[in-house]
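S.K.: Structure file my_file-v7.txt (compact mmCIF, C-alpha atoms) is given on the next line.
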```
# COMPACT_ATOMS: atom_id res chain seq x y z
CA MET A 1 95.64 34.01 115.31
CA SER A 2 98.41 31.72 114.35
CA ALA A 3 101.97 32.21 115.28
CA GLN A 4 102.55 32.88 111.64
CA THR A 5 100.45 33.85 108.80
CA ALA A 6 102.16 32.71 106.21
CA SER A 7 102.41 33.79 104.73
CA ILE A 8 104.08 33.86 102.04
CA PRO A 9 106.47 34.31 102.95
CA VAL A 10 106.49 33.70 105.68
CA ALA A 11 108.83 33.01 108.61
CA PRO A 12 109.91 29.64 109.93
CA VAL A 13 110.11 30.70 113.48
CA ALA A 14 106.64 30.90 114.51
CA ALA A 15 106.19 30.41 118.17
CA HIS A 16 109.15 28.32 118.97
CA GLY A 17 108.18 25.98 121.66
CA SER A 18 107.54 22.34 121.18
CA GLY A 19 104.23 20.68 121.18
CA HIS A 20 100.98 21.87 119.72
CA GLY A 21 98.67 24.48 121.08
CA SER A 22 98.53 27.07 118.39
CA HIS A 23 96.37 30.09 118.71
CA GLY A 24 93.74 29.36 116.18
CA SER A 25 90.42 27.65 116.59
CA HIS A 26 89.01 26.42 119.85
CA GLY A 27 91.89 28.14 121.61
CA SER A 28 92.58 30.99 123.91
CA GLY A 29 92.26 34.61 123.10
CA HIS A 30 94.98 37.01 122.30
CA GLY A 31 94.49 39.59 124.97
CA SER A 32 93.06 43.04 124.64
CA THR A 33 93.83 45.08 121.59
CA GLY A 34 94.65 48.04 123.81
CA SER A 35 97.76 46.28 125.13
CA ILE A 36 99.07 45.78 121.60
CA LEU A 37 100.01 49.44 121.28
CA LYS A 38 101.82 49.63 124.63
CA GLN A 39 105.10 48.05 123.62
CA PRO A 40 108.78 48.70 124.35
CA LYS A 41 110.75 50.63 121.74
CA ALA A 42 112.66 47.49 120.82
CA VAL A 43 109.43 45.77 119.76
CA TRP A 44 108.46 48.69 117.53
CA ALA A 45 111.94 48.66 115.99
CA VAL A 46 111.63 44.99 115.04
CA ALA A 47 108.03 45.45 113.87
CA PHE A 48 109.06 48.37 111.64
CA ALA A 49 111.87 46.36 110.10
CA SER A 50 109.44 43.44 109.65
CA VAL A 51 107.08 45.61 107.60
CA ILE A 52 109.95 46.52 105.28
CA ALA A 53 111.14 42.91 105.04
CA PHE A 54 107.69 41.69 104.01
CA MET A 55 107.44 44.52 101.49
CA GLY A 56 110.15 42.72 99.54
CA ILE A 57 107.69 39.99 98.51
CA GLY A 58 105.61 42.21 96.23
CA LEU A 59 107.95 45.14 95.72
CA VAL A 60 109.13 44.12 92.24
CA ASP A 61 105.66 43.17 91.04
CA PRO A 62 104.71 46.56 89.53
CA ILE A 63 108.09 47.02 87.82
CA LEU A 64 108.33 43.65 86.06
CA PRO A 65 107.08 44.97 82.70
CA ALA A 66 109.31 48.05 83.04
CA ILE A 67 112.37 45.90 83.74
CA ALA A 68 111.53 43.71 80.77
CA ALA A 69 111.24 46.75 78.50
CA SER A 70 114.25 48.66 79.84
CA LEU A 71 116.66 45.73 79.91
CA GLN A 72 115.27 43.96 76.82
CA ALA A 73 114.41 40.88 78.86
CA THR A 74 111.70 38.33 78.19
CA PRO A 75 108.81 37.85 80.66
CA THR A 76 110.33 34.51 81.68
CA GLU A 77 113.65 36.17 82.49
CA THR A 78 112.00 38.89 84.58
CA GLU A 79 109.91 36.33 86.46
CA MET A 80 113.20 34.81 87.62
CA LEU A 81 113.43 37.78 90.01
CA PHE A 82 110.82 35.96 92.07
CA THR A 83 112.41 32.54 91.55
CA SER A 84 115.91 33.39 92.76
CA TYR A 85 114.53 35.31 95.76
CA LEU A 86 112.07 32.61 96.86
CA LEU A 87 114.35 29.65 96.19
CA VAL A 88 117.18 31.05 98.28
CA THR A 89 114.80 32.24 100.99
CA GLY A 90 113.27 28.77 101.30
CA LEU A 91 116.56 26.88 101.31
CA ALA A 92 118.17 29.33 103.73
CA MET A 93 115.29 28.93 106.17
CA LEU A 94 116.43 25.35 106.71
CA GLY A 95 119.50 26.73 108.45
CA THR A 96 118.31 29.89 110.16
CA SER A 97 117.38 28.21 113.44
CA TRP A 98 120.85 26.62 113.50
CA VAL A 99 122.45 30.07 113.02
CA SER A 100 120.36 32.12 115.44
CA SER A 101 120.52 29.51 118.19
CA ARG A 102 124.31 29.94 118.13
CA ILE A 103 124.90 33.66 117.62
CA GLY A 104 121.71 35.08 119.14
CA ALA A 105 118.66 36.88 117.77
CA LYS A 106 120.08 40.41 117.60
CA LYS A 107 123.12 39.42 115.55
CA THR A 108 120.97 37.31 113.24
CA LEU A 109 118.55 40.19 112.65
CA LEU A 110 121.36 42.66 111.97
CA ILE A 111 123.18 40.32 109.58
CA GLY A 112 119.96 39.69 107.69
CA LEU A 113 119.19 43.41 107.40
CA ALA A 114 122.74 44.25 106.32
CA ILE A 115 122.61 41.62 103.57
CA ILE A 116 119.30 43.03 102.30
CA VAL A 117 120.68 46.59 102.24
CA VAL A 118 123.71 45.53 100.20
CA PHE A 119 121.87 43.36 97.69
CA ALA A 120 118.87 45.68 97.25
CA ALA A 121 121.22 48.56 96.45
CA ALA A 122 123.23 46.33 94.12
CA ALA A 123 120.03 45.33 92.29
CA GLY A 124 119.27 49.01 91.74
CA LEU A 125 122.70 49.49 90.19
CA SER A 126 122.38 46.49 87.87
CA GLN A 127 122.92 46.85 84.14
CA ASN A 128 121.11 43.70 82.99
CA VAL A 129 118.42 41.33 84.19
CA GLU A 130 120.90 38.54 84.98
CA GLU A 131 122.57 40.76 87.57
CA ILE A 132 119.23 41.60 89.20
CA ILE A 133 118.34 37.90 89.38
CA GLY A 134 121.61 37.20 91.18
CA PHE A 135 121.24 40.09 93.60
CA ARG A 136 117.65 39.11 94.38
CA ALA A 137 119.04 35.71 95.42
CA GLY A 138 121.35 37.42 97.92
CA TRP A 139 118.39 39.50 99.08
CA GLY A 140 116.52 36.25 99.75
CA LEU A 141 119.31 35.03 102.03
CA GLY A 142 119.11 38.19 104.13
CA ASN A 143 115.33 38.01 104.20
CA ALA A 144 115.38 34.44 105.48
CA LEU A 145 117.73 35.34 108.32
CA PHE A 146 115.63 38.33 109.31
CA ILE A 147 112.04 37.11 109.07
CA SER A 148 112.88 33.76 110.63
CA THR A 149 114.04 35.56 113.79
CA ALA A 150 111.71 38.56 113.97
CA LEU A 151 108.67 36.84 115.50
CA ALA A 152 110.71 35.11 118.19
CA THR A 153 112.24 38.47 119.08
CA ILE A 154 108.88 40.24 119.24
CA VAL A 155 107.39 37.48 121.40
CA GLY A 156 110.34 37.69 123.78
CA ALA A 157 110.27 41.48 124.14
CA ALA A 158 106.58 42.39 123.84
CA SER A 159 104.30 43.35 126.70
CA GLY A 160 100.69 42.23 126.96
CA GLY A 161 101.29 38.52 126.49
CA THR A 162 102.07 36.22 123.61
CA GLY A 163 98.77 36.89 121.84
CA SER A 164 99.43 40.63 121.60
CA ALA A 165 102.90 39.99 120.22
CA ILE A 166 101.60 37.63 117.56
CA ILE A 167 98.87 40.04 116.44
CA LEU A 168 101.47 42.80 116.22
CA TYR A 169 103.68 40.59 114.07
CA GLU A 170 100.80 39.64 111.80
CA ALA A 171 99.86 43.30 111.45
CA ALA A 172 103.43 44.02 110.35
CA LEU A 173 103.24 41.18 107.84
CA GLY A 174 99.94 42.43 106.45
CA LEU A 175 101.18 46.01 106.16
CA GLY A 176 104.33 44.87 104.39
CA ILE A 177 102.47 42.72 101.88
CA ALA A 178 100.06 45.60 101.14
CA ILE A 179 102.58 48.46 101.04
CA GLY A 180 105.23 46.62 99.01
CA PRO A 181 103.42 46.76 95.64
CA LEU A 182 102.23 50.33 96.30
CA LEU A 183 105.74 51.58 97.06
CA GLY A 184 107.05 49.61 94.10
CA GLY A 185 104.49 51.30 91.87
CA LEU A 186 105.14 54.82 93.19
CA LEU A 187 108.92 54.61 92.96
CA GLY A 188 108.79 52.46 89.85
CA ASN A 189 106.78 55.15 88.11
CA LEU A 190 109.96 57.26 88.27
CA SER A 191 112.41 54.48 87.43
CA TRP A 192 112.50 50.73 87.76
CA ARG A 193 115.59 51.22 89.95
CA GLY A 194 113.63 53.27 92.51
CA PRO A 195 112.06 50.41 94.50
CA PHE A 196 115.43 48.76 95.01
CA PHE A 197 117.10 51.91 96.31
CA GLY A 198 114.04 52.72 98.43
CA THR A 199 114.20 49.32 100.10
CA ALA A 200 117.92 49.70 100.79
CA VAL A 201 117.36 53.05 102.52
CA LEU A 202 114.42 51.80 104.61
CA MET A 203 116.27 48.65 105.63
CA ALA A 204 119.28 50.74 106.66
CA ILE A 205 116.96 52.75 108.94
CA GLY A 206 115.63 49.48 110.37
CA PHE A 207 119.20 48.27 110.93
CA ILE A 208 120.04 51.39 112.97
CA ALA A 209 116.80 51.13 114.97
CA ILE A 210 117.45 47.51 115.96
CA LEU A 211 121.14 48.20 116.67
CA VAL A 212 120.22 51.01 119.08
CA LEU A 213 116.96 49.81 120.63
CA LEU A 214 117.21 46.01 120.86
CA ARG A 215 119.37 44.71 123.67
CA ARG A 216 121.62 41.74 123.15
CA GLU A 217 120.35 38.72 125.04
CA PRO A 218 122.64 37.37 127.78
CA GLU A 219 124.37 34.05 127.13
CA GLY A 220 122.12 32.32 129.65
CA GLU A 221 118.98 33.29 127.69
CA ARG A 222 120.16 31.80 124.41
CA PRO A 223 118.25 28.72 123.23
CA VAL A 224 119.74 25.26 123.09
CA PRO A 225 121.48 24.96 119.69
CA THR A 226 119.39 23.10 117.13
CA ARG A 227 120.71 20.52 114.68
CA LEU A 228 121.18 21.57 111.08
CA SER A 229 119.41 18.43 109.83
CA ALA A 230 116.35 18.88 112.08
CA PRO A 231 114.02 20.49 109.46
CA ILE A 232 114.78 17.80 106.86
CA ARG A 233 114.16 15.02 109.36
CA ALA A 234 110.90 16.70 110.34
CA LEU A 235 109.38 15.97 106.93
CA ARG A 236 109.23 12.30 107.90
CA GLN A 237 106.22 13.18 110.05
CA PRO A 238 103.10 12.27 108.00
CA ALA A 239 101.08 15.32 109.06
CA LEU A 240 103.88 17.74 108.21
CA ALA A 241 104.52 15.99 104.90
CA VAL A 242 100.84 16.32 103.94
CA LEU A 243 100.76 20.02 104.80
CA ALA A 244 104.03 20.76 103.05
CA GLY A 245 102.90 18.94 99.91
CA ALA A 246 99.59 20.79 99.87
CA ALA A 247 101.36 24.12 100.43
CA LEU A 248 103.75 23.48 97.54
CA PHE A 249 100.86 23.19 95.05
CA TYR A 250 98.88 25.97 96.75
CA ASN A 251 101.83 28.34 96.47
CA ILE A 252 101.89 27.79 92.71
CA GLY A 253 98.43 29.33 92.58
CA PHE A 254 99.48 32.12 94.94
CA PHE A 255 102.46 33.22 92.86
CA VAL A 256 100.79 32.86 89.49
CA LEU A 257 98.22 35.37 90.72
CA LEU A 258 100.90 37.67 92.16
CA ALA A 259 103.80 37.38 89.72
CA TYR A 260 102.20 36.62 86.34
CA SER A 261 99.21 38.99 86.49
CA PRO A 262 101.18 42.22 85.80
CA PHE A 263 101.78 41.09 82.21
CA PRO A 264 98.18 40.44 81.03
CA LEU A 265 96.92 43.50 82.96
CA GLY A 266 99.09 45.80 80.84
CA PHE A 267 99.06 48.65 83.39
CA ASP A 268 101.93 51.03 84.08
CA ALA A 269 103.90 50.74 87.33
CA LEU A 270 101.51 53.01 89.23
CA GLY A 271 98.42 51.12 88.07
CA LEU A 272 99.99 47.81 89.03
CA GLY A 273 101.03 49.25 92.37
CA PHE A 274 97.48 50.26 93.26
CA THR A 275 96.08 46.94 91.98
CA PHE A 276 98.33 44.85 94.18
CA PHE A 277 97.97 47.25 97.09
CA GLY A 278 94.28 46.30 96.99
CA TRP A 279 95.29 42.65 96.79
CA GLY A 280 97.58 43.03 99.80
CA VAL A 281 95.01 44.88 101.90
CA ALA A 282 92.45 42.15 101.15
CA LEU A 283 94.94 39.46 102.15
CA ALA A 284 95.87 41.29 105.36
CA ILE A 285 92.25 41.80 106.45
CA THR A 286 91.20 38.17 106.06
CA SER A 287 94.47 36.91 107.51
CA VAL A 288 94.16 38.91 110.73
CA PHE A 289 90.38 39.15 111.18
CA VAL A 290 88.44 36.61 109.09
CA ALA A 291 90.53 33.47 109.51
CA PRO A 292 90.18 33.44 113.33
CA LEU A 293 86.40 33.82 113.02
CA LEU A 294 86.23 30.84 110.68
CA THR A 295 88.50 28.57 112.72
CA ALA A 296 86.55 29.44 115.87
CA ARG A 297 83.41 28.03 114.24
CA MET A 298 84.66 25.01 112.32
CA PRO A 299 87.67 22.68 112.22
CA ARG A 300 90.74 23.97 110.42
CA THR A 301 90.69 21.16 107.87
CA ARG A 302 87.11 22.06 106.93
CA VAL A 303 88.18 25.65 106.31
CA LEU A 304 90.87 24.33 103.97
CA TRP A 305 88.35 22.09 102.17
CA ILE A 306 86.23 25.18 101.48
CA ALA A 307 88.88 27.83 100.81
CA LEU A 308 91.16 25.84 98.48
CA PRO A 309 88.39 25.06 95.93
CA MET A 310 87.32 28.71 96.17
CA LEU A 311 90.84 29.78 95.18
CA ALA A 312 90.77 27.36 92.24
CA VAL A 313 87.49 28.94 91.08
CA VAL A 314 88.98 32.44 91.39
CA LEU A 315 92.01 31.45 89.30
CA ALA A 316 89.83 29.86 86.63
CA ALA A 317 87.65 33.00 86.58
CA ALA A 318 90.79 35.12 86.12
CA GLY A 319 91.68 33.03 83.09
CA LEU A 320 88.21 33.51 81.63
CA SER A 321 88.41 37.28 82.27
CA ILE A 322 91.89 37.86 80.91
CA SER A 323 90.66 40.06 78.06
CA SER A 324 89.03 42.46 80.56
CA PRO A 325 91.55 44.26 82.80
CA ALA A 326 88.77 45.54 85.08
CA TRP A 327 87.47 42.05 85.79
CA LEU A 328 90.98 40.70 86.17
CA VAL A 329 91.60 43.31 88.89
CA VAL A 330 88.41 42.17 90.63
CA TRP A 331 89.55 38.54 90.65
CA ILE A 332 93.03 39.48 91.87
CA VAL A 333 91.54 41.31 94.88
CA VAL A 334 89.03 38.52 95.56
CA GLY A 335 91.95 36.10 95.36
CA GLY A 336 93.69 38.13 98.05
CA LEU A 337 90.71 37.63 100.35
CA VAL A 338 90.91 33.85 99.96
CA LEU A 339 94.71 33.76 100.20
CA GLY A 340 94.66 35.54 103.56
CA VAL A 341 92.48 32.82 105.06
CA LEU A 342 94.57 30.03 103.57
CA ASN A 343 97.89 31.48 104.68
CA THR A 344 96.78 31.74 108.29
CA VAL A 345 94.98 28.39 108.52
CA LEU A 346 97.76 26.41 106.85
CA THR A 347 100.32 27.87 109.23
CA GLU A 348 98.10 27.16 112.23
CA CYS A 349 97.87 23.57 111.04
CA VAL A 350 101.66 23.33 110.83
CA MET A 351 101.95 24.63 114.39
CA GLU A 352 99.44 22.06 115.65
CA ALA A 353 100.35 19.03 113.57
CA THR A 354 103.31 17.54 115.48
CA ASP A 355 105.24 17.57 118.74
CA LEU A 356 108.26 18.99 116.96
CA GLN A 357 109.77 22.29 118.00
CA ARG A 358 107.74 24.89 116.16
CA SER A 359 110.81 26.51 114.65
CA VAL A 360 111.83 23.18 113.14
CA ALA A 361 108.36 22.29 111.84
CA SER A 362 107.88 25.71 110.31
CA SER A 363 111.34 25.69 108.69
CA ALA A 364 110.64 22.37 107.00
CA TYR A 365 107.20 23.47 105.83
CA SER A 366 108.44 26.85 104.53
CA ALA A 367 111.30 25.33 102.58
CA VAL A 368 108.97 23.00 100.67
CA ARG A 369 106.24 25.54 99.97
CA PHE A 370 108.70 28.11 98.69
CA LEU A 371 109.67 25.65 95.96
CA GLY A 372 106.18 26.14 94.53
CA GLY A 373 106.62 29.90 94.69
CA ALA A 374 110.01 29.66 93.02
CA VAL A 375 108.82 27.50 90.11
CA ALA A 376 105.49 29.20 89.39
CA PRO A 377 106.46 32.64 87.91
CA PRO A 378 108.78 31.51 85.07
CA ALA A 379 106.60 28.45 84.40
CA ALA A 380 103.58 30.75 84.02
CA ALA A 381 105.43 32.99 81.57
CA GLU A 382 106.45 29.98 79.48
CA LEU A 383 102.90 28.58 79.44
CA ALA A 384 101.64 31.96 78.23
CA ARG A 385 104.27 32.02 75.47
CA LEU A 386 103.75 28.43 74.33
CA ILE A 387 99.96 28.03 74.73
CA SER A 388 97.91 31.14 75.50
CA PRO A 389 97.81 34.09 77.95
CA GLU A 390 95.08 32.47 80.04
CA ALA A 391 96.82 29.07 80.30
CA PRO A 392 98.82 29.97 83.45
CA TYR A 393 95.62 30.69 85.38
CA TYR A 394 94.05 27.38 84.38
CA ALA A 395 97.25 25.51 85.29
CA ALA A 396 97.33 27.32 88.64
CA ALA A 397 93.70 26.37 89.28
CA GLY A 398 94.59 22.75 88.57
CA SER A 399 97.52 22.97 90.97
CA VAL A 400 95.26 24.24 93.74
CA VAL A 401 92.87 21.35 93.05
CA VAL A 402 95.84 19.01 93.63
CA ALA A 403 96.48 20.79 96.94
CA THR A 404 92.84 20.22 97.87
CA LEU A 405 93.08 16.50 97.10
CA ILE A 406 96.23 16.18 99.22
CA VAL A 407 94.48 17.75 102.20
CA VAL A 408 91.32 15.66 101.76
CA LEU A 409 93.13 12.35 101.18
CA GLY A 410 95.53 13.06 104.03
CA HIS A 411 92.80 13.97 106.52
CA ARG A 412 93.66 11.04 108.82
CA ALA A 413 97.14 12.44 109.34
CA LEU A 414 95.66 15.87 110.08
CA ARG A 415 93.17 14.88 112.79
CA ARG A 416 95.32 16.48 115.44
CA VAL A 417 95.13 19.97 113.92
CA ASP A 418 91.41 20.09 114.68
CA GLY A 419 91.88 19.34 118.38
CA ALA A 420 91.58 21.79 121.24
CA SER A 421 94.40 24.19 121.90
CA GLU A 422 96.35 24.51 125.13
CA PRO A 423 95.60 27.39 127.50
CA ALA A 424 97.46 30.62 126.79
CA LEU A 425 99.65 30.32 129.90
CA VAL A 426 100.84 26.84 128.95
CA GLU A 427 101.54 28.04 125.43
CA ALA A 428 103.51 31.05 126.69
CA GLU A 429 105.58 28.79 128.92
CA ALA A 430 106.26 26.46 125.99
CA ILE A 431 107.43 29.37 123.90
CA ALA A 432 109.72 30.63 126.66
CA ALA A 433 111.23 27.18 127.22
CA GLY A 434 111.50 26.00 123.62
CA ASP A 435 114.29 26.37 121.15
CA ALA A 436 114.29 29.83 119.57
CA THR A 437 115.55 30.68 116.17
```
Would you mind writing the file's structure down as structure tokens?

M.R.:
Amino acid sequence: MSAQTASIPVAPVAAHGSGHGSHGSHGSGHGSTGSILKQPKAVWAVAFASVIAFMGIGLVDPILPAIAASLQATPTETEMLFTSYLLVTGLAMLGTSWVSSRIGAKKTLLIGLAIIVVFAAAAGLSQNVEEIIGFRAGWGLGNALFISTALATIVGAASGGTGSAIILYEAALGLGIAIGPLLGGLLGNLSWRGPFFGTAVLMAIGFIAILVLLRREPEGERPVPTRLSAPIRALRQPALAVLAGAALFYNIGFFVLLAYSPFPLGFDALGLGFTFFGWGVALAITSVFVAPLLTARMPRTRVLWIALPMLAVVLAAAGLSISSPAWLVVWIVVGGLVLGVLNTVLTECVMEATDLQRSVASSAYSAVRFLGGAVAPPAAAELARLISPEAPYYAAAGSVVVATLIVVLGHRALRRVDGASEPALVEAEAIAAGDAT
């Protein structure tokens, strides 16, 4: 698997060495699955907190209609809960490697968790939608600090090799993406404030676990400080620019499916929670299990050439099925299957594309792709208001077609991502020696 699924949200600190040698196709294995479960307590503490952090991506999804009704907000205003969160997360990721390389991983994790606790609780206490939008932005800052450091910490503390650590991290990501909407639906069925308070409590537990179980790294183990401008300068690399541009348009499709769909479905919070739990489980399964099978049998770019058009077809089918909630649920879950493959393969490509430090390459890529996620939800709501309810799905399908064209036309710049990977030992040494975030 890749050092990062991306996810979505996904974390800019994938494996943080320099050079290529990701863990995808044509590469080394990840070690036995038995070793994954034999981990130090510190690893489980970070993995638990990672699950909760990734839950934040889809947590508000089931309560969007309830927030709109309770606070007399328009769909466009409620979709800004995604925009403020994703925009700040993406921009903050440009500086997380600079922060963590100076104060250390444990402090960065704790600061990120503390920020999330404060702003999630504040969102639950909000009296209007504008306040929630602002507090979700603060939540995004904490999330960027945490998720950008979690993988590096797990890799450094895990037993069983780098591969086991990465699979554990991806499992945490998948669980978080799946559980987030379900928890949001269950707590949101009681009150739209419930998911926010629930997240604050769980994150506080994660804070205590990391404070107690994760040791502070000695000064000599800290990485060499990275430059604040490094991620911006990284986008001058043609391969990284192609991947970031494709991911920007791809993420529009991703977040139209995730953030806009609750409105045409018309379900209550519980119904939406179960719908997007199915979506998250589908995404997690293909991200962890199916994507590696595909990239072991064909070049990564070919997987993208197949999966991106498939996502465009799914989005168009969702638009055609908008009058049938049952069919719309089917297409949402099928979309999750395709998204899991794309998240993993795109991130593997980013890890392979350049000789840049992986933390820097991933920070640059994440910042650009999150712009697509930030723009998509309110834009979809406005298209639905101005044109028709199905228009956002058709626009999202068109955006994914643009992403496909970028990958196809930029294939010369991406030749390196289809090359052979380095052996696992070399990769592990690169991770240990590289700049951490």

S.K.: For a quick check of understanding, using all atoms listed in the file, which of A:Trp192, A:Phe119, A:Tyr393, A:Tyr250 has the smallest distance to Trp331 in chain A?

M.R.: A:Tyr393

S.K.: Given the choices A:Ile116, A:Ala152, A:Leu175, A:Ala73, which gets closest to Phe277 in chain A if the distance is worked out from all atoms listed in the file?

M.R.: A:Leu175

S.K.: At a cut-off of 9 Å, using only C-alpha atoms, what residues contact Pro325 in chain A? Leave out same-chain residues fewer than 6 positions from it and give the result as a list in words.

M.R.: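 Neighbouring residues, sequence-local ones excluded: Pro264, Leu265, Gly266 and Phe267 of chain A.
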
S.K.: To one decimal place in Å, what is the distance between CA of Gly253 in chain A and CA of Leu383 in chain A?

M.R.: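 Calculated distance between CA of Gly253 in chain A and CA of Leu383 in chain A is 13.9 Å.
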
S.K.: Take CA of Tyr85 in chain A and CA of Ala122 in chain A and report the distance between them in Å, one decimal.

M.R.: 14.1 Å

S.K.: Which residues are close to Arg412 in chain A, i.e. within 12 Å by only C-alpha atoms, leaving aside same-chain residues fewer than 2 positions away? Reply as a list in words.

M.R.: Pro238, Ala239, Val242, Thr301, Ala353, Ile406, Val407, Val408, Leu409, Gly410, Leu414, Arg415, Arg416, Val417 and Asp418 of chain A

S.K.: So how many Å separate CA of Pro392 in chain A and CA of Ile332 in chain A, to one decimal?

M.R.: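 Going from CA of Pro392 in chain A over to CA of Ile332 in chain A, I get 14.0 Å.
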
S.K.: Pick out the closest residue to Ala396 in chain A from this set: A:Gly112, A:Pro195, A:Gly278, A:Gly319. Count only C-alpha atoms.

M.R.: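 The answer is A:Gly319, which sits nearest to Ala396 in chain A.
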
S.K.: I'd like to know which of A:Leu235, A:Met80, A:Ile208, A:Leu315 is closest to Phe135 in chain A, using all atoms listed in the file.

M.R.: A:Met80

S.K.: Nearest to Phe274 in chain A among A:Phe197, A:Leu183, A:Pro377, A:Ser191, with distances taken over only C-alpha atoms: which residue is it?

M.R.: A:Leu183

S.K.: Counting all atoms listed in the file, find the residues whose atoms lie at most 10 Å from (114.9, 45.4, 81.5) (file coordinates) and write them out as a PyMOL selection string.

M.R.: chain A and resi 63-75+77-78+126-130+132+192

S.K.: Find the spatial neighbours of Gly373 in chain A, counting all atoms listed in the file, within a cut-off of 12 Å - ignore same-chain residues fewer than 2 positions away - and output them as an mmCIF file with C-alpha atoms, in the coordinates of the input.

M.R.:
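Wrote part.cif, looks like this:
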```cif
data_model
loop_
_atom_site.group_PDB
_atom_site.id
_atom_site.type_symbol
_atom_site.label_atom_id
_atom_site.label_comp_id
_atom_site.auth_asym_id
_atom_site.auth_seq_id
_atom_site.Cartn_x
_atom_site.Cartn_y
_atom_site.Cartn_z
ATOM 1 C CA SER A 7 102.410 33.790 104.730
ATOM 2 C CA ILE A 8 104.080 33.860 102.040
ATOM 3 C CA PRO A 9 106.470 34.310 102.950
ATOM 4 C CA VAL A 10 106.490 33.700 105.680
ATOM 5 C CA ILE A 57 107.690 39.990 98.510
ATOM 6 C CA GLU A 79 109.910 36.330 86.460
ATOM 7 C CA MET A 80 113.200 34.810 87.620
ATOM 8 C CA LEU A 81 113.430 37.780 90.010
ATOM 9 C CA PHE A 82 110.820 35.960 92.070
ATOM 10 C CA THR A 83 112.410 32.540 91.550
ATOM 11 C CA SER A 84 115.910 33.390 92.760
ATOM 12 C CA TYR A 85 114.530 35.310 95.760
ATOM 13 C CA LEU A 86 112.070 32.610 96.860
ATOM 14 C CA LEU A 87 114.350 29.650 96.190
ATOM 15 C CA VAL A 88 117.180 31.050 98.280
ATOM 16 C CA THR A 89 114.800 32.240 100.990
ATOM 17 C CA GLY A 90 113.270 28.770 101.300
ATOM 18 C CA ALA A 247 101.360 24.120 100.430
ATOM 19 C CA LEU A 248 103.750 23.480 97.540
ATOM 20 C CA PHE A 249 100.860 23.190 95.050
ATOM 21 C CA TYR A 250 98.880 25.970 96.750
ATOM 22 C CA ASN A 251 101.830 28.340 96.470
ATOM 23 C CA ILE A 252 101.890 27.790 92.710
ATOM 24 C CA GLY A 253 98.430 29.330 92.580
ATOM 25 C CA PHE A 254 99.480 32.120 94.940
ATOM 26 C CA PHE A 255 102.460 33.220 92.860
ATOM 27 C CA VAL A 256 100.790 32.860 89.490
ATOM 28 C CA LEU A 257 98.220 35.370 90.720
ATOM 29 C CA LEU A 258 100.900 37.670 92.160
ATOM 30 C CA ALA A 259 103.800 37.380 89.720
ATOM 31 C CA TYR A 260 102.200 36.620 86.340
ATOM 32 C CA SER A 366 108.440 26.850 104.530
ATOM 33 C CA ALA A 367 111.300 25.330 102.580
ATOM 34 C CA VAL A 368 108.970 23.000 100.670
ATOM 35 C CA ARG A 369 106.240 25.540 99.970
ATOM 36 C CA PHE A 370 108.700 28.110 98.690
ATOM 37 C CA LEU A 371 109.670 25.650 95.960
ATOM 38 C CA VAL A 375 108.820 27.500 90.110
ATOM 39 C CA ALA A 376 105.490 29.200 89.390
ATOM 40 C CA PRO A 377 106.460 32.640 87.910
ATOM 41 C CA PRO A 378 108.780 31.510 85.070
ATOM 42 C CA ALA A 379 106.600 28.450 84.400
ATOM 43 C CA ALA A 380 103.580 30.750 84.020
ATOM 44 C CA ALA A 396 97.330 27.320 88.640
#
```
